[in-house]
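Peer 1: Please find entry_19.txt (compact mmCIF, C-alpha atoms) on the next line:
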```txt
# COMPACT_ATOMS: atom_id res chain seq x y z
CA MET A 1 -16.74 14.33 -8.96
CA ILE A 2 -12.99 15.03 -9.00
CA GLN A 3 -11.66 16.05 -12.40
CA THR A 4 -8.09 15.32 -13.44
CA ASP A 5 -5.91 14.78 -16.48
CA VAL A 6 -4.51 11.47 -15.23
CA LEU A 7 -5.59 9.11 -12.47
CA VAL A 8 -2.75 6.94 -11.16
CA ILE A 9 -3.92 3.71 -9.54
CA GLY A 10 -1.26 2.62 -7.07
CA ALA A 11 0.92 4.58 -4.66
CA GLY A 12 3.96 2.35 -4.64
CA PRO A 13 7.33 3.61 -5.92
CA ALA A 14 6.22 3.30 -9.57
CA GLY A 15 2.96 5.17 -8.96
CA LEU A 16 4.57 7.91 -6.88
CA PHE A 17 7.32 8.54 -9.43
CA GLN A 18 4.68 8.44 -12.16
CA ALA A 19 2.84 11.26 -10.39
CA PHE A 20 6.07 13.25 -10.17
CA GLN A 21 6.81 12.90 -13.88
CA LEU A 22 3.25 13.84 -14.84
CA GLY A 23 3.29 16.90 -12.59
CA LEU A 24 6.65 17.94 -13.97
CA LEU A 25 5.09 17.96 -17.44
CA GLY A 26 2.23 20.17 -16.29
CA LEU A 27 -0.48 17.51 -16.11
CA ARG A 28 -3.00 17.38 -13.28
CA VAL A 29 -2.81 14.11 -11.40
CA GLN A 30 -4.72 12.22 -8.73
CA VAL A 31 -3.41 9.07 -7.03
CA VAL A 32 -5.41 6.32 -5.31
CA ASP A 33 -4.26 3.20 -3.46
CA ALA A 34 -6.09 0.44 -1.62
CA LEU A 35 -3.56 0.43 1.22
CA PRO A 36 -3.81 2.93 4.09
CA GLU A 37 -0.17 3.96 3.64
CA ALA A 38 1.76 4.96 0.53
CA GLY A 39 4.69 2.82 -0.56
CA GLY A 40 3.11 -0.30 -2.06
CA GLN A 41 5.10 -3.51 -1.63
CA CYS A 42 8.07 -1.61 -0.18
CA VAL A 43 6.06 -0.62 2.88
CA ALA A 44 3.52 -3.45 3.01
CA LEU A 45 6.03 -6.29 2.71
CA TYR A 46 9.51 -5.07 3.66
CA PRO A 47 9.38 -1.60 5.25
CA ASP A 48 12.60 -2.00 7.24
CA LYS A 49 14.65 -4.20 4.94
CA PRO A 50 17.53 -2.57 3.04
CA ILE A 51 17.35 -1.80 -0.69
CA TYR A 52 20.68 -1.43 -2.47
CA ASP A 53 19.82 -0.88 -6.15
CA VAL A 54 18.22 2.58 -6.28
CA PRO A 55 20.47 4.90 -8.34
CA GLY A 56 22.32 7.44 -6.22
CA ILE A 57 21.17 5.91 -2.92
CA PRO A 58 23.67 3.32 -1.67
CA VAL A 59 21.16 1.89 0.81
CA CYS A 60 17.70 2.72 2.13
CA THR A 61 14.73 0.88 3.57
CA GLY A 62 11.42 0.50 1.77
CA ARG A 63 9.83 3.02 4.11
CA GLN A 64 12.65 5.53 3.64
CA LEU A 65 12.37 5.26 -0.15
CA SER A 66 8.62 5.87 0.03
CA GLN A 67 9.09 8.89 2.29
CA GLN A 68 11.63 10.36 -0.13
CA LEU A 69 9.28 9.83 -3.07
CA LEU A 70 6.41 11.44 -1.16
CA GLU A 71 8.62 14.45 -0.46
CA GLN A 72 9.59 14.62 -4.13
CA ILE A 73 5.98 14.70 -5.36
CA ARG A 74 4.85 17.28 -2.77
CA PRO A 75 4.67 20.11 -5.38
CA PHE A 76 2.06 18.08 -7.32
CA VAL A 77 0.39 15.61 -4.97
CA ARG A 78 -0.63 15.96 -1.33
CA LEU A 79 -2.34 13.55 1.04
CA GLY A 80 -6.05 14.25 1.36
CA GLU A 81 -6.07 16.54 -1.67
CA SER A 82 -4.79 14.47 -4.57
CA LEU A 83 -3.42 11.37 -2.78
CA HIS A 84 -6.22 9.10 -1.61
CA LEU A 85 -5.23 6.12 0.55
CA GLY A 86 -7.35 3.20 1.71
CA VAL A 87 -9.34 3.59 -1.50
CA ARG A 88 -10.07 0.67 -3.81
CA VAL A 89 -11.14 1.26 -7.42
CA ASP A 90 -14.29 -0.75 -8.13
CA HIS A 91 -15.66 0.60 -11.42
CA VAL A 92 -14.08 2.08 -14.54
CA VAL A 93 -16.42 3.19 -17.33
CA ALA A 94 -15.36 4.68 -20.67
CA LYS A 95 -17.05 8.02 -21.38
CA THR A 96 -18.54 8.97 -24.71
CA GLY A 97 -16.01 11.15 -26.49
CA GLY A 98 -13.04 9.88 -24.51
CA GLY A 99 -11.80 9.59 -20.97
CA TYR A 100 -13.08 7.54 -18.07
CA GLU A 101 -15.30 7.77 -15.04
CA VAL A 102 -13.82 5.94 -12.08
CA ARG A 103 -15.63 5.07 -8.87
CA THR A 104 -14.17 3.69 -5.65
CA HIS A 105 -15.52 1.38 -2.98
CA ASP A 106 -16.18 4.30 -0.62
CA GLY A 107 -18.20 6.33 -3.13
CA GLN A 108 -15.54 8.68 -4.46
CA ALA A 109 -15.80 9.50 -8.16
CA PHE A 110 -13.21 10.75 -10.63
CA THR A 111 -13.48 11.83 -14.22
CA THR A 112 -10.13 11.53 -15.96
CA SER A 113 -8.75 11.84 -19.45
CA ALA A 114 -6.33 8.96 -18.91
CA ILE A 115 -5.41 6.26 -16.40
CA VAL A 116 -2.06 4.82 -15.34
CA VAL A 117 -2.21 1.47 -13.60
CA ALA A 118 0.73 1.17 -11.22
CA ALA A 119 -0.76 -1.47 -8.97
CA GLY A 120 2.26 -3.74 -8.57
CA ALA A 121 1.05 -7.32 -8.40
CA GLY A 122 -2.46 -6.04 -7.76
CA ALA A 123 -4.28 -4.35 -4.90
CA PHE A 124 -2.74 -5.64 -1.68
CA THR A 125 -5.40 -6.83 0.75
CA PRO A 126 -4.75 -8.17 4.25
CA LYS A 127 -4.88 -11.91 4.83
CA GLY A 128 -7.66 -12.56 7.31
CA LEU A 129 -8.46 -15.38 9.72
CA ASN A 130 -11.17 -16.80 7.43
CA LEU A 131 -13.71 -17.10 10.21
CA PRO A 132 -17.48 -16.64 9.72
CA GLY A 133 -18.62 -13.18 10.73
CA LEU A 134 -15.22 -11.50 10.51
CA ASP A 135 -15.39 -8.99 7.66
CA GLU A 136 -14.58 -5.37 6.83
CA GLY A 137 -17.56 -4.17 8.86
CA THR A 138 -16.64 -5.95 12.08
CA SER A 139 -15.96 -3.49 14.88
CA HIS A 140 -12.66 -3.66 16.81
CA LEU A 141 -11.06 -5.79 14.07
CA HIS A 142 -7.93 -4.19 12.63
CA TYR A 143 -5.46 -5.11 9.89
CA HIS A 144 -3.13 -2.13 10.31
CA LEU A 145 -1.77 -0.28 13.30
CA PRO A 146 -3.41 3.13 13.51
CA ALA A 147 -1.35 6.28 13.77
CA GLU A 148 0.25 6.71 17.19
CA GLU A 149 -2.16 9.51 18.11
CA ALA A 150 -5.14 7.25 17.36
CA MET A 151 -3.62 4.44 19.42
CA ALA A 152 -4.24 6.55 22.51
CA SER A 153 -7.78 5.14 22.41
CA TRP A 154 -6.27 1.69 23.09
CA ARG A 155 -4.80 2.80 26.40
CA GLY A 156 -5.76 0.44 29.20
CA GLU A 157 -7.34 -2.07 26.82
CA GLN A 158 -6.35 -5.59 25.80
CA VAL A 159 -5.00 -6.22 22.30
CA LEU A 160 -4.56 -9.60 20.63
CA VAL A 161 -2.07 -9.63 17.73
CA ALA A 162 -2.55 -12.54 15.31
CA GLY A 163 0.35 -13.74 13.16
CA GLY A 164 3.84 -15.21 13.24
CA GLY A 165 5.75 -13.18 10.66
CA ASP A 166 7.64 -9.90 10.70
CA GLU A 167 4.44 -7.86 10.46
CA ALA A 168 2.86 -9.38 13.58
CA LEU A 169 6.02 -9.42 15.68
CA GLU A 170 6.90 -5.83 14.78
CA ALA A 171 3.35 -4.70 15.64
CA ALA A 172 3.46 -6.49 19.01
CA GLU A 173 6.82 -4.93 19.84
CA GLN A 174 5.62 -1.46 18.81
CA LEU A 175 2.54 -1.76 21.03
CA ILE A 176 4.41 -2.79 24.17
CA LYS A 177 6.95 0.00 23.60
CA LEU A 178 4.35 2.76 23.35
CA PRO A 179 4.50 5.56 25.92
CA GLU A 180 2.28 4.96 28.92
CA SER A 181 -0.25 7.52 27.67
CA HIS A 182 -0.96 5.28 24.65
CA ARG A 183 -0.06 1.78 25.85
CA PRO A 184 -2.64 -1.03 26.09
CA SER A 185 -2.96 -2.74 29.46
CA ARG A 186 -2.08 -6.06 27.88
CA VAL A 187 -0.71 -7.12 24.48
CA THR A 188 -0.86 -10.80 23.54
CA LEU A 189 0.66 -12.49 20.52
CA MET A 190 -1.22 -15.41 18.97
CA HIS A 191 0.12 -17.89 16.44
CA ARG A 192 -0.69 -21.45 15.44
CA ARG A 193 2.76 -22.67 16.56
CA ASP A 194 5.72 -21.45 18.57
CA VAL A 195 7.95 -21.07 15.51
CA PHE A 196 8.05 -17.63 13.88
CA GLN A 197 8.89 -16.62 10.29
CA ALA A 198 10.70 -13.38 11.00
CA GLU A 199 14.15 -11.80 11.29
CA ALA A 200 16.26 -13.71 13.82
CA GLU A 201 16.98 -10.67 16.00
CA LEU A 202 13.31 -9.73 16.11
CA VAL A 203 12.35 -13.29 17.07
CA GLU A 204 14.87 -13.26 19.93
CA ARG A 205 13.47 -9.98 21.26
CA ILE A 206 9.90 -11.28 21.09
CA LYS A 207 10.84 -14.46 22.96
CA ALA A 208 12.50 -12.33 25.63
CA TYR A 209 9.38 -10.16 25.98
CA ILE A 210 7.26 -13.31 26.37
CA ALA A 211 9.66 -14.85 28.90
CA SER A 212 9.61 -11.67 31.01
CA GLY A 213 5.81 -11.39 30.87
CA GLU A 214 5.95 -8.07 29.06
CA LEU A 215 4.17 -9.70 26.10
CA GLY A 216 1.46 -12.31 26.43
CA TRP A 217 1.53 -15.47 24.34
CA VAL A 218 -1.14 -17.92 23.23
CA GLN A 219 -0.73 -20.78 20.78
CA GLY A 220 -3.60 -22.22 18.78
CA VAL A 221 -5.67 -22.25 15.63
CA PRO A 222 -8.73 -19.94 15.61
CA GLN A 223 -11.97 -21.85 15.03
CA GLU A 224 -14.66 -19.32 15.85
CA ALA A 225 -14.98 -15.58 16.37
CA LEU A 226 -17.06 -14.36 19.28
CA ILE A 227 -19.05 -11.38 18.00
CA THR A 228 -21.74 -9.40 19.79
CA GLU A 229 -23.67 -6.63 18.01
CA GLY A 230 -21.04 -6.47 15.25
CA ARG A 231 -18.08 -6.22 17.65
CA VAL A 232 -15.50 -8.99 17.94
CA HIS A 233 -14.40 -9.60 21.53
CA GLY A 234 -13.02 -13.13 21.57
CA LEU A 235 -11.75 -16.16 19.68
CA ALA A 236 -12.17 -19.88 20.26
CA LEU A 237 -8.75 -21.47 19.78
CA VAL A 238 -7.83 -25.11 19.39
CA ASN A 239 -4.44 -26.44 20.46
CA ALA A 240 -2.99 -29.66 21.86
CA ASP A 241 -4.81 -29.09 25.16
CA GLY A 242 -8.24 -28.62 23.62
CA THR A 243 -10.41 -25.58 22.96
CA HIS A 244 -9.79 -22.30 24.75
CA ILE A 245 -11.49 -18.91 24.70
CA VAL A 246 -9.31 -15.81 24.40
CA THR A 247 -10.97 -12.46 25.04
CA PHE A 248 -9.74 -8.97 24.12
CA ASP A 249 -10.82 -5.42 23.34
CA HIS A 250 -9.08 -5.22 19.95
CA LEU A 251 -8.01 -7.88 17.44
CA LEU A 252 -5.07 -6.89 15.23
CA VAL A 253 -4.56 -9.40 12.38
CA ARG A 254 -1.08 -9.13 10.85
CA GLN A 255 -0.68 -12.15 8.61
CA GLY A 256 0.74 -10.45 5.56
CA MET A 257 -0.81 -9.20 2.35
CA SER A 258 -2.28 -10.91 -0.67
CA PRO A 259 -2.22 -9.18 -4.08
CA LYS A 260 -5.46 -9.33 -6.06
CA LEU A 261 -6.13 -7.91 -9.50
CA GLY A 262 -9.80 -7.54 -8.62
CA PRO A 263 -11.94 -5.45 -11.02
CA LEU A 264 -8.87 -4.86 -13.22
CA THR A 265 -9.63 -8.12 -14.99
CA ASP A 266 -13.04 -6.79 -16.04
CA TRP A 267 -11.79 -3.70 -17.88
CA GLY A 268 -11.20 -5.50 -21.16
CA MET A 269 -7.43 -4.96 -21.30
CA ALA A 270 -5.25 -7.60 -22.90
CA LEU A 271 -3.54 -9.59 -20.12
CA ASP A 272 -0.75 -12.13 -20.07
CA ARG A 273 -0.54 -14.23 -16.91
CA LYS A 274 -2.33 -11.57 -14.85
CA GLN A 275 -0.12 -8.78 -16.17
CA VAL A 276 -1.17 -5.94 -18.46
CA LEU A 277 0.30 -6.15 -21.95
CA VAL A 278 1.73 -2.78 -22.97
CA ASN A 279 3.52 -1.14 -25.87
CA PRO A 280 7.12 -0.72 -24.57
CA VAL A 281 7.46 2.60 -26.42
CA THR A 282 4.47 4.34 -24.80
CA PHE A 283 3.42 1.84 -22.07
CA GLN A 284 -0.16 2.12 -23.24
CA SER A 285 -2.32 -0.96 -22.80
CA SER A 286 -4.75 -2.32 -25.36
CA LEU A 287 -7.29 0.26 -24.10
CA ASP A 288 -7.07 3.80 -25.43
CA GLY A 289 -5.86 6.16 -22.72
CA VAL A 290 -5.00 3.42 -20.20
CA TYR A 291 -1.32 2.89 -19.43
CA ALA A 292 0.50 0.54 -17.06
CA VAL A 293 3.90 0.78 -15.35
CA GLY A 294 5.83 -1.27 -12.82
CA ASP A 295 5.25 -4.89 -11.84
CA ILE A 296 1.68 -4.90 -13.18
CA ASN A 297 2.77 -4.68 -16.83
CA THR A 298 4.58 -6.97 -19.23
CA TYR A 299 6.30 -6.66 -22.61
CA PRO A 300 9.23 -8.37 -24.37
CA GLY A 301 12.35 -8.06 -22.23
CA LYS A 302 10.45 -6.94 -19.12
CA LYS A 303 12.54 -6.81 -15.91
CA ARG A 304 10.74 -6.45 -12.60
CA LEU A 305 13.17 -3.98 -11.04
CA LEU A 306 12.60 -0.62 -9.34
CA VAL A 307 14.93 1.18 -11.72
CA CYS A 308 12.98 -0.20 -14.69
CA ALA A 309 9.69 0.97 -13.16
CA PHE A 310 11.09 4.51 -12.87
CA HIS A 311 12.11 4.38 -16.55
CA GLU A 312 8.64 3.15 -17.54
CA ALA A 313 6.97 5.95 -15.55
CA THR A 314 9.14 8.54 -17.31
CA MET A 315 8.37 7.17 -20.77
CA ALA A 316 4.66 6.85 -19.98
CA ALA A 317 4.50 10.46 -18.76
CA HIS A 318 5.94 11.81 -22.01
CA ALA A 319 3.63 9.56 -24.02
CA LEU A 320 0.67 10.84 -22.01
CA GLN A 321 1.69 14.45 -22.60
CA ALA A 322 1.65 13.79 -26.34
CA TYR A 323 -1.65 11.87 -26.05
CA LEU A 324 -3.44 14.56 -24.03
CA LYS A 325 -1.90 17.62 -25.69
CA PRO A 326 -1.30 16.60 -29.32
CA ASP A 327 -1.31 20.19 -30.58
CA GLU A 328 1.50 21.30 -28.28
CA SER A 329 5.16 20.85 -29.13
CA GLN A 330 6.82 18.19 -27.02
CA LEU A 331 10.06 19.85 -25.95
CA LEU A 332 12.42 17.84 -23.78
CA GLN A 333 13.42 20.03 -20.84
CA TYR A 334 15.81 19.51 -17.94
CA THR A 335 15.29 20.42 -14.30
CA THR A 336 18.85 21.75 -14.15
CA THR A 337 18.19 24.46 -16.76
CA SER A 338 14.43 24.86 -17.36
CA THR A 339 12.84 27.86 -15.67
CA LEU A 340 9.39 26.36 -16.29
CA LEU A 341 10.22 23.07 -14.59
CA LYS A 342 11.79 24.87 -11.65
CA GLN A 343 8.65 26.97 -11.28
CA ARG A 344 6.52 23.83 -11.24
CA LEU A 345 8.79 22.36 -8.58
CA GLY A 346 8.51 25.55 -6.53
CA VAL A 347 12.26 26.18 -6.42
CA LEU A 348 12.00 29.55 -8.23
```
Before anything else, please render the file you have as structure tokens.
Peer 2:
Amino acid sequence: MIQTDVLVIGAGPAGLFQAFQLGLLGLRVQVVDALPEAGGQCVALYPDKPIYDVPGIPVCTGRQLSQQLLEQIRPFVRLGESLHLGVRVDHVVAKTGGGYEVRTHDGQAFTTSAIVVAAGAGAFTPKGLNLPGLDEGTSHLHYHLPAEEAMASWRGEQVLVAGGGDEALEAAEQLIKLPESHRPSRVTLMHRRDVFQAEAELVERIKAYIASGELGWVQGVPQEALITEGRVHGLALVNADGTHIVTFDHLLVRQGMSPKLGPLTDWGMALDRKQVLVNPVTFQSSLDGVYAVGDINTYPGKKRLLVCAFHEATMAAHALQAYLKPDESQLLQYTTTSTLLKQRLGVL
């Protein structure tokens, strides 16, 4: 059982900055996210697209912004210690006397005095192929590229990449450009039609790889997964020429993400069109000790902008400090002058 002052659910920009603000105020914080990589929508949906409206940063990509935020929260939150990725919250139970017990799908348990929901539009889950037998437990089925070191295990094997958007095309390109020590023997792209929904330059590169034979190509609609002893090793595809069997060692499905509120709807919080209603002064929900920031919340005048999410996280942190430490004076301090804040940041 991990004990903390605040559990932040969501490791997108709002959740990461929330953790920073909480740590700056001296509160212990743990962060969980259903995705295997921090960054939320910025990394899951547009990792390499430019963002122009972050104060003080003329332009950065979604991935660059997430990396900067991770560096900023390093004094308070570290991966594997207080940042838990690939973890989905399944159960939240109010404790007698205050606080909550939170359990995740993989058996982790937290006891926390307060919760901040920073889950964007919900927990992003990969869009699958919707074929019988293909589920989370299927061996050699992947929805994310593993770290480059782990991809060494794919060397000499055949990989089928399913999808026609940026995510699939970028994954296929990354795989064929791996160093020889990590590169699969064959990478094949599969899509239902020969028209892609991706950046024009990326599409042109992919077509060139296919034309040169560097990247395999198969067109068709999957109808059946071939699974033996829990391991997927082939698909039955239907196209204009009939039914064909495609075999492989690994199936990488990159068809985008779908946000789902999931168990959040069972907590008893007041919702408005699948968003958490909050008090815009404190950003507390209708549940005592449960707050919400970023795209997941709503209130009069709400604007779904990054800069607004950072403001909400700041206000929520100060409200949480007052909520959790009501007997302490709430002095507003500045990182430019406060010795205490500089000590917490590790710069003194």
Peer 1: Could you check which of A:Ala119, A:Leu16, A:Leu145, A:Leu226 is closest to A:Gln67, using only C-alpha atoms?
Peer 2: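 For A:Gln67, the nearest of the candidates is A:Leu16.
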Peer 1: Near A:Ala14, within 7 Å and counting only C-alpha atoms, which residues show up once chain neighbours fewer than 2 positions away are dropped, as a PyMOL selection string?
Peer 2: chain A and resi 12+16-18+118+293-294+309-310+313
Peer 1: Mind pulling up the distance from atom CA of A:Met315 to atom CA of A:Leu24?
Peer 2: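 A separation of 12.9 Å between them.
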Peer 1: Find the residue from A:Ala198, A:Gln343, A:Ser113, A:Leu237 that sits nearest to A:Gly97; use only C-alpha atoms when measuring.
Peer 2: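 Selected residue with least distance to A:Gly97: A:Ser113.
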Peer 1: Using only C-alpha atoms, determine which residues lie at most 12 Å from A:Asp135, disregarding the query and same-chain residues fewer than 2 positions distant; provide the list as a list in words.
Peer 2: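 My list of contacting residues is Pro126, Lys127, Gly128, Leu129, Asn130, Leu131, Pro132, Gly133, Gly137, Thr138, Ser139, His140, Leu141, His142, Tyr143, Ala225, Ile227, Gly230, Arg231, Val232 and Val253 of chain A.
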Peer 1: Can those selected residues be exported to a file as a short mmCIF file (atom, residue, chain, number, x, y, z; two decimals), in the coordinates of the input so that it contains C-alpha atoms?
Peer 2:
```cif
data_model
loop_
_atom_site.label_atom_id
_atom_site.label_comp_id
_atom_site.auth_asym_id
_atom_site.auth_seq_id
_atom_site.Cartn_x
_atom_site.Cartn_y
_atom_site.Cartn_z
CA PRO A 126 -4.75 -8.17 4.25
CA LYS A 127 -4.88 -11.91 4.83
CA GLY A 128 -7.66 -12.56 7.31
CA LEU A 129 -8.46 -15.38 9.72
CA ASN A 130 -11.17 -16.80 7.43
CA LEU A 131 -13.71 -17.10 10.21
CA PRO A 132 -17.48 -16.64 9.72
CA GLY A 133 -18.62 -13.18 10.73
CA GLY A 137 -17.56 -4.17 8.86
CA THR A 138 -16.64 -5.95 12.08
CA SER A 139 -15.96 -3.49 14.88
CA HIS A 140 -12.66 -3.66 16.81
CA LEU A 141 -11.06 -5.79 14.07
CA HIS A 142 -7.93 -4.19 12.63
CA TYR A 143 -5.46 -5.11 9.89
CA ALA A 225 -14.98 -15.58 16.37
CA ILE A 227 -19.05 -11.38 18.00
CA GLY A 230 -21.04 -6.47 15.25
CA ARG A 231 -18.08 -6.22 17.65
CA VAL A 232 -15.50 -8.99 17.94
CA VAL A 253 -4.56 -9.40 12.38
#
```
Peer 1: From the list A:Leu252, A:Ala236, A:Ala200, A:Val278, which residue is nearest A:Ala162 when using all atoms listed in the file?
Peer 2: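 Once distances to A:Ala162 are computed over all atoms listed in the file, the minimum belongs to A:Leu252.
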Peer 1: Between atom CA of A:Glu180 and atom CA of A:Glu214, measure the distance and give it in Å to one decimal.
Peer 2: 13.5 Å
